[in-house]
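Below is one structure, written out as structure tokens; the observations come after it.
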Amino acid sequence: MATTPHLLVTSGQLGATLQAARKAQGLTQSALAARIGLSQSRISHLEPNAHELSVGQLLAWCAALGLELAVGAGGSLVSSTASTPDW
């Protein structure tokens, strides 16, 4: 079953999306941490502070949750609620 991609423009949106995906799969922070080699406390910290994720951690997190990460030129998925990235 295909899902609609999410357009993320802030690290806060990224963190919320990662947390929602974890919860939707019924995973605890500890279970996710074990899958990607981080501590539960680090997962707890990174969900609301996704701007601190390394690229490697983000890719591992996505793989553990069965998520795909796509990067492309803006415009094709632009929504009227998009705002300036917070990096």
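Chain identifiers are assigned as A, B, and so on, following the order in which chains appear in the structure tokens; residues are numbered from 1 within each chain, and ligands are numbered from 1 in order of appearance.
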
TODO: With a distance cut-off of 9 Å and only C-alpha atoms, select the neighbouring residues of segment 44-61 of chain A, excluding the residue or stretch itself and same-chain residues fewer than 2 positions from it, and output the selection as a ChimeraX atom specification.
DONE: /A:10-19,29,32-33,35-42,63-69,86-87

I need the chosen residues saved as an mmCIF file, in the first residue's frame, with N, CA and C atoms.
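The file below, part.cif, is the result:
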data_model
loop_
_atom_site.group_PDB
_atom_site.id
_atom_site.type_symbol
_atom_site.label_atom_id
_atom_site.label_comp_id
_atom_site.auth_asym_id
_atom_site.auth_seq_id
_atom_site.Cartn_x
_atom_site.Cartn_y
_atom_site.Cartn_z
ATOM 1 N N THR A 10 11.286 21.720 7.798
ATOM 2 C CA THR A 10 11.928 22.088 9.062
ATOM 3 C C THR A 10 12.387 20.831 9.786
ATOM 4 N N SER A 11 13.363 20.975 10.645
ATOM 5 C CA SER A 11 13.824 19.831 11.428
ATOM 6 C C SER A 11 12.744 19.379 12.407
ATOM 7 N N GLY A 12 11.905 20.295 12.855
ATOM 8 C CA GLY A 12 10.801 19.923 13.731
ATOM 9 C C GLY A 12 9.830 18.975 13.043
ATOM 10 N N GLN A 13 9.571 19.240 11.766
ATOM 11 C CA GLN A 13 8.700 18.352 10.997
ATOM 12 C C GLN A 13 9.354 16.984 10.819
ATOM 13 N N LEU A 14 10.655 16.967 10.611
ATOM 14 C CA LEU A 14 11.374 15.706 10.471
ATOM 15 C C LEU A 14 11.254 14.893 11.751
ATOM 16 N N GLY A 15 11.517 15.511 12.877
ATOM 17 C CA GLY A 15 11.437 14.804 14.153
ATOM 18 C C GLY A 15 10.042 14.256 14.416
ATOM 19 N N ALA A 16 9.022 15.062 14.147
ATOM 20 C CA ALA A 16 7.641 14.621 14.354
ATOM 21 C C ALA A 16 7.295 13.458 13.429
ATOM 22 N N THR A 17 7.784 13.508 12.199
ATOM 23 C CA THR A 17 7.523 12.440 11.239
ATOM 24 C C THR A 17 8.207 11.144 11.663
ATOM 25 N N LEU A 18 9.444 11.242 12.113
ATOM 26 C CA LEU A 18 10.164 10.051 12.576
ATOM 27 C C LEU A 18 9.491 9.451 13.807
ATOM 28 N N GLN A 19 9.060 10.298 14.721
ATOM 29 C CA GLN A 19 8.382 9.807 15.920
ATOM 30 C C GLN A 19 7.047 9.156 15.562
ATOM 31 N N GLN A 29 10.975 3.547 21.953
ATOM 32 C CA GLN A 29 12.267 4.176 21.689
ATOM 33 C C GLN A 29 13.394 3.172 21.898
ATOM 34 N N LEU A 32 13.631 0.805 18.825
ATOM 35 C CA LEU A 32 14.243 1.498 17.693
ATOM 36 C C LEU A 32 15.738 1.687 17.937
ATOM 37 N N ALA A 33 16.087 2.082 19.143
ATOM 38 C CA ALA A 33 17.494 2.297 19.483
ATOM 39 C C ALA A 33 18.316 1.034 19.236
ATOM 40 N N ARG A 35 17.710 -1.287 17.100
ATOM 41 C CA ARG A 35 17.809 -1.525 15.654
ATOM 42 C C ARG A 35 18.892 -0.676 14.994
ATOM 43 N N ILE A 36 19.106 0.534 15.522
ATOM 44 C CA ILE A 36 20.039 1.436 14.830
ATOM 45 C C ILE A 36 21.323 1.714 15.618
ATOM 46 N N GLY A 37 21.484 1.056 16.736
ATOM 47 C CA GLY A 37 22.741 1.170 17.473
ATOM 48 C C GLY A 37 22.904 2.454 18.273
ATOM 49 N N LEU A 38 21.807 3.006 18.732
ATOM 50 C CA LEU A 38 21.849 4.181 19.603
ATOM 51 C C LEU A 38 21.224 3.815 20.941
ATOM 52 N N SER A 39 21.382 4.669 21.929
ATOM 53 C CA SER A 39 20.732 4.444 23.215
ATOM 54 C C SER A 39 19.307 4.997 23.186
ATOM 55 N N GLN A 40 18.480 4.492 24.074
ATOM 56 C CA GLN A 40 17.107 5.002 24.173
ATOM 57 C C GLN A 40 17.117 6.479 24.504
ATOM 58 N N SER A 41 18.037 6.903 25.347
ATOM 59 C CA SER A 41 18.076 8.320 25.717
ATOM 60 C C SER A 41 18.455 9.191 24.520
ATOM 61 N N ARG A 42 19.274 8.654 23.614
ATOM 62 C CA ARG A 42 19.640 9.418 22.414
ATOM 63 C C ARG A 42 18.435 9.547 21.482
ATOM 64 N N ALA A 63 15.895 3.493 7.437
ATOM 65 C CA ALA A 63 15.964 2.081 7.074
ATOM 66 C C ALA A 63 15.278 1.205 8.125
ATOM 67 N N ALA A 64 15.486 1.516 9.393
ATOM 68 C CA ALA A 64 14.891 0.731 10.473
ATOM 69 C C ALA A 64 13.370 0.816 10.482
ATOM 70 N N LEU A 65 12.835 1.924 9.984
ATOM 71 C CA LEU A 65 11.383 2.115 9.963
ATOM 72 C C LEU A 65 10.771 1.851 8.591
ATOM 73 N N GLY A 66 11.600 1.457 7.635
ATOM 74 C CA GLY A 66 11.095 1.202 6.293
ATOM 75 C C GLY A 66 10.689 2.465 5.558
ATOM 76 N N LEU A 67 11.331 3.564 5.888
ATOM 77 C CA LEU A 67 11.045 4.844 5.245
ATOM 78 C C LEU A 67 12.050 5.094 4.130
ATOM 79 N N GLU A 68 11.629 5.846 3.130
ATOM 80 C CA GLU A 68 12.528 6.274 2.070
ATOM 81 C C GLU A 68 12.795 7.755 2.238
ATOM 82 N N LEU A 69 14.009 8.153 1.947
ATOM 83 C CA LEU A 69 14.396 9.555 2.012
ATOM 84 C C LEU A 69 14.689 10.015 0.593
ATOM 85 N N ASP A 86 14.599 25.666 8.929
ATOM 86 C CA ASP A 86 15.182 26.242 10.133
ATOM 87 C C ASP A 86 16.636 25.855 10.335
ATOM 88 N N TRP A 87 17.342 25.576 9.258
ATOM 89 C CA TRP A 87 18.776 25.316 9.413
ATOM 90 C C TRP A 87 19.470 26.551 9.096
#

Using only C-alpha atoms, the residue out of A:Cys62, A:Leu7, A:Ala34, A:Leu27 with shortest distance to Gly75 of chain A is A:Leu7

Among chain A, which ones does DSSP place in alpha helix (DSSP H), written as a PyMOL selection string? chain A and resi 11-24+29-36+40-46+55-65

Export, as a compact mmCIF listing (two decimals), in the first residue's frame, the selected residues with C-alpha atoms.
# COMPACT_ATOMS: atom_id res chain seq x y z
CA SER A 11 13.82 19.83 11.43
CA GLY A 12 10.80 19.92 13.73
CA GLN A 13 8.70 18.35 11.00
CA LEU A 14 11.37 15.71 10.47
CA GLY A 15 11.44 14.80 14.15
CA ALA A 16 7.64 14.62 14.35
CA THR A 17 7.52 12.44 11.24
CA LEU A 18 10.16 10.05 12.58
CA GLN A 19 8.38 9.81 15.92
CA ALA A 20 4.98 9.23 14.28
CA ALA A 21 6.43 6.49 12.05
CA ARG A 22 7.99 4.78 15.08
CA LYS A 23 4.73 4.90 17.02
CA ALA A 24 2.67 3.76 14.02
CA GLN A 29 12.27 4.18 21.69
CA SER A 30 14.30 1.30 23.16
CA ALA A 31 13.35 -1.07 20.34
CA LEU A 32 14.24 1.50 17.69
CA ALA A 33 17.49 2.30 19.48
CA ALA A 34 18.48 -1.38 19.41
CA ARG A 35 17.81 -1.52 15.65
CA ILE A 36 20.04 1.44 14.83
CA GLN A 40 17.11 5.00 24.17
CA SER A 41 18.08 8.32 25.72
CA ARG A 42 19.64 9.42 22.41
CA ILE A 43 16.43 8.54 20.53
CA SER A 44 14.46 10.46 23.15
CA HIS A 45 16.71 13.47 22.63
CA LEU A 46 16.79 13.33 18.82
CA VAL A 55 23.17 11.92 7.88
CA GLY A 56 24.23 8.41 8.84
CA GLN A 57 21.85 8.35 11.79
CA LEU A 58 18.99 9.67 9.64
CA LEU A 59 19.57 7.04 6.97
CA ALA A 60 19.78 4.25 9.58
CA TRP A 61 16.62 5.54 11.27
CA CYS A 62 14.75 5.58 7.94
CA ALA A 63 15.96 2.08 7.07
CA ALA A 64 14.89 0.73 10.47
CA LEU A 65 11.38 2.12 9.96
